[in-house]
$ cat my_file_16.cif   # mmCIF, C-alpha atoms and all ligand atoms
data_model
#
loop_
_atom_site.label_atom_id
_atom_site.label_comp_id
_atom_site.auth_asym_id
_atom_site.auth_seq_id
_atom_site.Cartn_x
_atom_site.Cartn_y
_atom_site.Cartn_z
CA MET A 160 27.87 -22.87 -9.01
CA SER A 161 28.14 -21.19 -5.61
CA GLU A 162 27.83 -17.68 -7.08
CA LEU A 163 24.74 -18.83 -8.97
CA ASN A 164 23.26 -20.41 -5.83
CA SER A 165 23.24 -17.15 -3.92
CA LYS A 166 21.30 -15.30 -6.64
CA MET A 167 18.57 -17.81 -7.43
CA TYR A 168 14.92 -17.09 -6.74
CA GLU A 169 12.13 -19.63 -6.53
CA VAL A 170 9.19 -19.05 -8.89
CA SER A 171 5.79 -20.70 -9.10
CA ALA A 172 5.86 -24.18 -10.66
CA LYS A 173 2.09 -24.23 -11.26
CA SER A 174 1.27 -25.21 -14.84
CA GLN A 175 -0.75 -21.99 -15.43
CA ASP A 176 2.31 -19.86 -14.57
CA LEU A 177 4.88 -21.61 -16.75
CA GLY A 178 4.15 -19.48 -19.82
CA ARG A 179 5.62 -16.47 -17.98
CA TYR A 180 9.09 -18.03 -18.09
CA ARG A 181 9.41 -18.44 -21.85
CA ASP A 182 12.08 -15.75 -22.21
CA PHE A 183 14.12 -16.87 -19.21
CA ASP A 184 16.48 -19.64 -18.15
CA VAL A 185 14.71 -21.84 -15.61
CA TYR A 186 16.60 -24.01 -13.13
CA TYR A 187 15.78 -26.88 -10.78
CA LYS A 188 17.69 -27.97 -7.73
CA GLN A 189 19.57 -31.23 -7.49
CA GLY A 190 20.89 -31.63 -3.97
CA THR A 191 22.51 -28.28 -3.31
CA THR A 192 23.23 -27.52 -6.97
CA PHE A 193 21.07 -25.60 -9.44
CA ARG A 194 20.83 -27.17 -12.90
CA LEU A 195 19.39 -25.67 -16.05
CA TYR A 196 15.93 -27.13 -16.72
CA LYS A 197 14.90 -25.00 -19.68
CA ALA A 198 16.83 -22.40 -21.66
CA ASN A 199 15.34 -19.00 -22.52
CA HIS A 200 13.10 -18.74 -25.61
CA MET A 201 12.21 -22.42 -25.13
CA ASP A 202 8.80 -23.69 -24.09
CA PHE A 203 8.28 -26.28 -21.39
CA ASP A 204 7.75 -29.80 -22.70
CA GLU A 205 3.95 -29.87 -22.97
CA SER A 206 3.55 -33.61 -22.44
CA LYS A 207 5.59 -33.39 -19.21
CA VAL A 208 3.45 -30.47 -18.03
CA LYS A 209 0.27 -32.48 -18.76
CA GLN A 210 1.59 -35.47 -16.85
CA GLY A 211 2.68 -33.27 -13.94
CA LYS A 212 6.31 -34.28 -14.43
CA ILE A 213 7.75 -30.78 -13.96
CA PRO A 214 10.13 -30.37 -10.95
CA GLU A 215 8.29 -29.31 -7.80
CA LYS A 216 10.51 -26.26 -7.37
CA LEU A 217 11.71 -23.99 -10.18
CA PHE A 218 14.16 -21.12 -9.97
CA VAL A 219 15.32 -18.14 -12.03
CA SER A 220 18.26 -15.77 -11.51
CA PHE A 221 17.69 -12.51 -9.64
CA ASN A 222 18.15 -10.40 -12.77
CA ASP A 223 15.61 -12.52 -14.62
CA LYS A 224 13.17 -12.22 -11.75
CA VAL A 225 13.44 -8.42 -11.89
CA SER A 226 12.94 -8.46 -15.69
CA MET A 227 9.97 -10.80 -15.31
CA ILE A 228 8.29 -8.56 -12.75
CA ARG A 229 8.94 -5.43 -14.83
CA LYS A 230 7.41 -7.11 -17.86
CA GLU A 231 4.34 -8.03 -15.84
CA GLN A 232 4.12 -4.50 -14.43
CA ILE A 233 4.17 -2.97 -17.90
CA ASP A 234 1.51 -5.40 -19.12
CA LEU A 235 -0.73 -4.86 -16.06
CA ASN A 236 -0.25 -1.10 -16.24
CA PHE A 237 -1.45 -1.17 -19.84
CA ARG A 238 -4.46 -3.33 -18.95
CA PHE A 239 -5.26 -1.13 -15.96
CA LYS A 240 -5.26 2.01 -18.09
CA GLU A 241 -7.47 0.29 -20.67
CA SER A 242 -10.06 -0.96 -18.18
CA ILE A 243 -10.30 1.95 -15.74
CA THR A 244 -12.95 3.80 -17.73
CA ILE A 245 -14.75 0.68 -19.00
CA ASP A 246 -14.92 -1.82 -16.17
CA ILE A 247 -14.14 -0.50 -12.70
CA TYR A 248 -14.31 -3.97 -11.06
CA LYS A 249 -11.85 -5.36 -13.54
CA SER A 250 -9.55 -2.37 -13.11
CA ARG A 251 -9.55 -2.79 -9.31
CA GLU A 252 -8.60 -6.45 -9.79
CA ILE A 253 -5.78 -5.50 -12.14
CA LEU A 254 -4.63 -2.79 -9.75
CA ASN A 255 -4.45 -5.33 -6.92
CA ASP A 256 -2.44 -7.71 -9.10
CA LEU A 257 -0.14 -4.92 -10.14
CA ILE A 258 0.52 -3.85 -6.57
CA SER A 259 0.98 -7.46 -5.43
CA VAL A 260 3.52 -8.07 -8.19
CA THR A 261 5.31 -4.82 -7.40
CA LEU A 262 5.50 -5.37 -3.68
CA SER A 263 6.52 -9.01 -4.06
CA GLU A 264 10.09 -7.82 -4.52
CA PRO A 265 10.34 -4.33 -3.02
CA ARG A 266 13.56 -3.22 -4.69
CA SER A 267 14.32 0.05 -6.40
CA GLU A 268 14.27 -1.40 -9.95
CA ILE A 269 10.74 -2.65 -9.36
CA LEU A 270 9.25 0.01 -7.09
CA VAL A 271 9.98 2.84 -9.51
CA GLU A 272 7.83 1.19 -12.20
CA ILE A 273 4.71 1.90 -10.11
CA LYS A 274 5.16 5.63 -10.79
CA ASP A 275 3.45 5.15 -14.16
CA THR A 276 0.44 3.60 -12.48
CA ILE A 277 0.16 6.52 -10.06
CA GLU A 278 0.32 8.92 -13.02
CA ASP A 279 -2.52 7.00 -14.74
CA ILE A 280 -4.71 6.95 -11.64
CA VAL A 281 -4.17 10.63 -10.89
CA GLU A 282 -4.86 11.61 -14.50
CA GLU A 283 -8.08 9.57 -14.57
CA PHE A 284 -9.04 10.94 -11.18
CA LEU A 285 -8.61 14.52 -12.33
CA LEU A 286 -11.02 13.75 -15.18
CA ASP A 287 -13.53 11.89 -13.02
CA GLU A 288 -13.45 12.39 -9.24
CA GLN A 289 -15.74 9.41 -8.73
CA ILE A 290 -12.94 7.04 -9.75
CA VAL A 291 -11.53 6.87 -6.23
CA SER A 292 -14.84 6.13 -4.52
CA LYS A 293 -15.69 3.58 -7.21
CA LEU A 294 -12.36 1.85 -6.76
CA THR A 295 -12.54 1.84 -2.96
CA ASN A 296 -16.25 1.03 -2.66
CA ILE A 297 -15.66 -2.52 -3.67
CA ALA A 298 -15.89 -4.53 -0.47
CA ILE A 299 -13.32 -7.28 -0.34
CA HIS A 300 -13.53 -9.85 2.44
CA ASP A 301 -9.84 -10.46 2.42
CA TYR A 302 -6.79 -8.88 3.95
CA SER A 303 -3.26 -8.29 2.81
CA THR A 304 -0.81 -5.41 3.06
CA GLN A 305 -1.31 -4.97 -0.70
CA LEU A 306 -5.06 -4.36 -0.34
CA HIS A 307 -4.50 -2.01 2.58
CA VAL A 308 -1.94 0.12 0.78
CA THR A 309 -4.07 0.25 -2.38
CA ASN A 310 -6.93 1.70 -0.35
CA VAL A 311 -4.69 4.10 1.56
CA MET A 312 -3.29 5.28 -1.75
CA LEU A 313 -6.79 6.01 -3.06
CA PHE A 314 -7.91 7.82 0.10
CA SER A 315 -4.68 9.86 0.11
CA LEU A 316 -5.32 10.84 -3.48
CA GLY A 317 -8.86 11.96 -2.63
CA TYR A 318 -7.65 13.94 0.37
CA ALA A 319 -4.86 15.70 -1.55
CA HIS A 320 -7.26 16.60 -4.34
CA TYR A 321 -9.83 17.90 -1.87
CA CYS A 322 -7.12 20.12 -0.34
CA LYS A 323 -6.46 21.49 -3.83
CA PHE A 324 -2.81 20.47 -3.77
CA SER A 325 -0.87 20.74 -7.03
CA GLU A 326 -0.93 17.79 -9.43
CA ASN A 327 2.63 16.90 -8.39
CA ASP A 328 1.69 16.91 -4.72
CA ILE A 329 -1.39 14.81 -5.44
CA LYS A 330 0.89 12.25 -7.09
CA MET A 331 3.26 12.47 -4.15
CA PHE A 332 0.38 11.81 -1.70
CA ALA A 333 -0.82 8.83 -3.73
CA MET A 334 2.70 7.41 -3.84
CA MET A 335 3.09 8.00 -0.12
CA GLY A 336 -0.12 6.04 0.55
CA LEU A 337 1.11 3.19 -1.61
CA MET A 338 4.57 3.02 -0.07
CA HIS A 339 3.89 3.75 3.61
CA ASP A 340 3.79 0.12 4.76
CA VAL A 341 6.49 -1.22 2.45
CA GLY A 342 8.48 -2.17 5.57
CA LYS A 343 5.68 -4.58 6.55
CA LEU A 344 6.58 -6.85 3.68
CA HIS A 345 9.33 -8.25 5.91
CA VAL A 346 6.82 -9.20 8.60
CA PRO A 347 5.56 -12.77 8.12
CA ASP A 348 1.95 -13.07 6.94
CA TYR A 349 0.92 -15.37 9.80
CA ILE A 350 1.60 -12.48 12.20
CA LEU A 351 -0.08 -9.77 10.12
CA SER A 352 -3.28 -11.76 9.71
CA ALA A 353 -3.33 -13.56 13.06
CA PRO A 354 -6.98 -13.71 14.24
CA ARG A 355 -5.86 -13.29 17.87
CA LYS A 356 -4.04 -10.94 20.21
CA LEU A 357 -0.39 -10.65 19.21
CA THR A 358 2.39 -11.65 21.60
CA ASP A 359 4.73 -8.89 22.80
CA GLU A 360 7.51 -10.21 20.54
CA GLU A 361 5.22 -10.23 17.51
CA PHE A 362 4.07 -6.71 18.21
CA GLU A 363 7.67 -5.55 18.60
CA LEU A 364 8.42 -7.04 15.19
CA ILE A 365 5.49 -5.17 13.61
CA LYS A 366 6.63 -1.96 15.27
CA LYS A 367 9.86 -2.14 13.27
CA HIS A 368 8.07 -1.69 9.93
CA PRO A 369 8.36 2.14 9.80
CA GLU A 370 12.15 1.93 10.08
CA ASN A 371 12.38 -0.98 7.64
CA GLY A 372 10.22 0.99 5.24
CA LEU A 373 12.46 4.03 5.53
CA GLU A 374 15.48 1.92 4.64
CA ILE A 375 13.81 0.52 1.50
CA LEU A 376 12.56 3.93 0.36
CA VAL A 377 15.95 5.60 0.88
CA GLU A 378 17.61 2.81 -1.08
CA SER A 379 15.02 3.13 -3.85
CA GLY A 380 15.46 6.90 -4.12
CA PHE A 381 11.92 7.99 -3.24
CA GLU A 382 11.51 11.63 -2.26
CA GLU A 383 12.17 12.63 1.32
CA LYS A 384 8.54 13.43 2.20
CA ILE A 385 7.56 9.88 1.22
CA GLN A 386 10.42 8.42 3.26
CA LEU A 387 9.48 10.51 6.27
CA ALA A 388 5.78 9.68 6.07
CA ALA A 389 6.60 5.95 6.05
CA LEU A 390 8.78 6.46 9.12
CA GLU A 391 6.30 8.63 11.02
CA HIS A 392 2.80 7.38 10.18
CA HIS A 393 2.38 5.68 13.57
CA GLU A 394 3.70 8.65 15.57
CA ARG A 395 1.09 10.77 17.39
CA LEU A 396 1.09 14.48 18.26
CA ASP A 397 1.15 13.77 22.02
CA GLY A 398 4.13 11.41 21.81
CA SER A 399 2.03 8.25 22.29
CA GLY A 400 2.99 6.70 18.93
CA TYR A 401 5.96 4.71 17.67
CA PRO A 402 8.81 4.11 16.80
CA PHE A 403 10.36 7.26 18.32
CA LYS A 404 7.47 8.77 20.35
CA LYS A 405 7.94 11.97 18.36
CA LYS A 406 5.69 14.91 19.24
CA ALA A 407 3.74 17.50 17.25
CA ALA A 408 6.66 19.86 16.65
CA ASP A 409 8.64 17.08 14.96
CA LEU A 410 5.89 15.73 12.73
CA SER A 411 5.37 16.87 9.14
CA GLY A 412 1.90 17.60 7.70
CA THR A 413 2.17 14.66 5.32
CA SER A 414 3.00 12.27 8.19
CA ARG A 415 0.08 13.62 10.22
CA ALA A 416 -2.30 13.17 7.30
CA LEU A 417 -1.08 9.68 6.58
CA GLY A 418 -1.60 8.67 10.23
CA ILE A 419 -5.28 9.64 9.96
CA ILE A 420 -5.83 8.05 6.54
CA ASP A 421 -4.11 4.83 7.61
CA MET A 422 -6.33 4.59 10.69
CA PHE A 423 -9.48 5.26 8.64
CA GLU A 424 -8.62 2.47 6.21
CA ALA A 425 -7.88 0.02 9.02
CA LEU A 426 -11.23 0.77 10.70
CA THR A 427 -13.35 0.58 7.54
CA SER A 428 -11.80 -2.64 6.23
CA TRP A 429 -12.35 -6.21 7.25
CA ARG A 430 -9.50 -7.93 9.05
CA PRO A 431 -9.17 -11.57 10.15
CA TYR A 432 -9.44 -10.34 13.77
CA LYS A 433 -12.20 -7.73 13.37
CA ASN A 434 -15.13 -6.62 11.27
CA SER A 435 -15.23 -3.40 9.31
CA ILE A 436 -17.21 -0.40 10.53
CA SER A 437 -18.99 2.28 8.49
CA PRO A 438 -17.05 5.36 7.31
CA LEU A 439 -19.08 7.62 9.62
CA LYS A 440 -18.44 5.45 12.67
CA ALA A 441 -14.74 5.33 11.75
CA LEU A 442 -14.60 9.13 11.52
CA ALA A 443 -16.32 9.40 14.92
CA LEU A 444 -13.71 7.09 16.46
CA ILE A 445 -10.83 8.99 14.89
CA LYS A 446 -12.37 12.22 16.19
CA GLU A 447 -11.97 10.84 19.72
CA ASP A 448 -8.21 10.66 19.13
CA VAL A 449 -8.28 14.17 17.67
CA ASP A 450 -9.98 15.39 20.85
CA LYS A 451 -7.33 13.66 22.95
CA GLY A 452 -4.69 15.68 21.09
CA ARG A 453 -3.21 12.70 19.28
CA LEU A 454 -4.19 13.65 15.73
CA ASP A 455 -4.28 16.92 13.83
CA SER A 456 -7.76 18.49 13.93
CA MET A 457 -7.47 20.59 10.75
CA ILE A 458 -6.20 17.66 8.69
CA PHE A 459 -8.92 15.47 10.18
CA LYS A 460 -11.62 17.95 9.13
CA ASN A 461 -10.35 18.12 5.56
CA PHE A 462 -9.98 14.36 5.35
CA ALA A 463 -13.51 13.86 6.72
CA TYR A 464 -14.88 16.32 4.15
CA SER A 465 -13.01 14.52 1.38
CA ILE A 466 -14.58 11.22 2.46
CA ILE A 467 -18.10 12.51 2.96
CA GLY A 468 -17.81 14.43 -0.30
CA ILE A 469 -18.69 17.86 1.05
CA SER A 470 -17.70 20.52 -1.43
CA GLU A 471 -16.12 23.83 -0.49
CA LYS A 472 -19.46 25.59 -1.09
CA GLU A 473 -21.40 23.22 1.15
CA LYS A 474 -18.71 23.58 3.78
CA GLU A 475 -19.31 27.33 3.87
CA LYS A 476 -23.04 26.71 4.45
CA ALA A 477 -22.49 24.12 7.18
CA PRO A 478 -23.22 25.49 10.68
CA THR A 479 -20.03 26.13 12.58
CA ARG A 480 -19.95 25.08 16.20
CA ARG A 481 -20.03 28.00 18.65
CA VAL A 482 -16.69 28.38 20.36
CA VAL A 483 -17.05 28.27 24.12
CA HIS A 484 -14.29 29.78 26.21
CA ARG A 485 -13.83 28.51 29.75
CA ASN A 486 -11.57 29.64 32.53
CA GLU A 487 -9.18 27.27 34.36
CA SER A 488 -11.99 26.03 36.63
CA GLY A 489 -14.16 25.15 33.63
CA VAL A 490 -16.60 28.07 34.07
CA ILE A 491 -17.95 29.44 30.77
CA LEU A 492 -16.74 32.99 30.23
FE FE B 501 1.84 1.07 9.14
#
$ encode --input "my_file_16.cif" --output "structure tokens" --more "lines below"
Ligand SMILES: [Fe+2]
Amino acid sequence: MSELNSKMYEVSAKSQDLGRYRDFDVYYKQGTTFRLYKANHMDFDESKVKQGKIPEKLFVSFNDKVSMIRKEQIDLNFRFKESITIDIYKSREILNDLISVTLSEPRSEILVEIKDTIEDIVEEFLLDEQIVSKLTNIAIHDYSTQLHVTNVMLFSLGYAHYCKFSENDIKMFAMMGLMHDVGKLHVPDYILSAPRKLTDEEFELIKKHPENGLEILVESGFEEKIQLAALEHHERLDGSGYPFKKKAADLSGTSRALGIIDMFEALTSWRPYKNSISPLKALALIKEDVDKGRLDSMIFKNFAYSIIGISEKEKEKAPTRRVVHRNESGVIL
């Protein structure tokens, strides 16, 4: 039994979730030993379920857990695709479930399944650009890494489309948004949503997420740009970021863009420790960091235009600020 013990995963024992385990062997724990509770293709004993006589903790093997998640992903993907053009609220809900399920076990077998979802979103987006704003406009007074990465994915998609990147690059940007914080899934929830100032130790733990994310993405075979963006999205052009205090010359365009998009999402969303601010206020705050030389000004401009929805034509009409040249003493030349 010892080999079995090391590969068992706890699953929900709530009565509404039991139907998901029909095709799998389900175990319970007796002392330190796992015993078969229900064989695959068998239903739970309904009278026991009604009387609440199911073991408090249920387990499945790792392989079964992966199969279970993949099955759910396929089902949710199908429902997402079906609802996206009919009921945007419903589709956002399904998208959140899909991403929660996917990130609940961030392993290569499971992460790759999300590629289909990205394809669906990008395809729908190319048909109707409003999809992204409709999906992100839904205010949710809740916080989780899953919600954050869903929003970052959608903003990244809008930005890449605005920049007229190729369809493949748009998909890459969306995937990068979705995967950038995958390393945070190792950080306990009570730290991520603490409604207080974090201790130094807690902050140090959070600061490890770019490197943890890199490890997961390398293992899962994601493309290098996505790996790099996850590693570098908290670095800043002036070397004030983390984890390596890299500077402008070492930072890729995708990492620079992700840093800005990530910050915008954090500012415009509610968190247990702060309220959200409006998109325009968020852009003004980010601009301060651009002016300090921490963030890329060109990328910021394009991102801001993608958020405000200014088209290329309108951009041409917009008054450009007069460039003022000063000498070393600050005198206008
Ligand atoms: Fe992050």
$ residues_near_ligand --input "my_file_16.cif" --ligand "ligand FE 501 (chain B)" --cutoff "7 Å" --atoms "only C-alpha atoms and all ligand atoms" --output "list in words"
His339, Asp340, His368, Pro369, His392 and His393 of chain A
$ closest_residue --input "my_file_16.cif" --among "A:Lys367, A:Lys356, A:Arg395, A:Lys166" --to "Tyr432 (chain A)" --atoms "only C-alpha atoms"
A:Lys356
$ closest_residue --input "my_file_16.cif" --among "A:Ile273, A:Ile420, A:Leu376, A:Leu195" --to "Asn310 (chain A)" --atoms "all atoms listed in the file"
A:Ile420
$ residues_near_point --input "my_file_16.cif" --point "(12.2, -25.2, -18.8)" --cutoff "10 Å" --atoms "only C-alpha atoms" --output "list in words"
Leu177, Gly178, Tyr180, Arg181, Phe183, Asp184, Val185, Tyr186, Tyr187, Leu195, Tyr196, Lys197, Ala198, Asn199, His200, Met201, Asp202, Phe203, Asp204, Ile213, Pro214, Leu217 and Phe218 of chain A
$ closest_residue --input "my_file_16.cif" --among "A:Asp256, A:Glu231, A:Glu326, A:Asp182" --to "Glu278 (chain A)" --atoms "all atoms listed in the file"
A:Glu326
$ atom_distance --input "my_file_16.cif" --atom1 "CA of Glu370 (chain A)" --atom2 "CA of Leu390 (chain A)"
5.7 Å
$ atom_distance --input "my_file_16.cif" --atom1 "CA of Lys224 (chain A)" --atom2 "CA of Leu351 (chain A)"
25.7 Å
$ atom_distance --input "my_file_16.cif" --atom1 "CA of Thr192 (chain A)" --atom2 "CA of Glu215 (chain A)"
15.1 Å
$ closest_residue --input "my_file_16.cif" --among "A:Met335, A:Leu285, A:Ile419, A:Ser292" --to "His320 (chain A)" --atoms "only C-alpha atoms"
A:Leu285
$ closest_residue --input "my_file_16.cif" --among "A:Pro265, A:Ser379, A:Arg453, A:Arg251" --to "Lys405 (chain A)" --atoms "only C-alpha atoms"
A:Arg453
$ closest_residue --input "my_file_16.cif" --among "A:Arg355, A:Arg415, A:Lys433, A:Lys404" --to "Ser456 (chain A)" --atoms "all atoms listed in the file"
A:Arg415
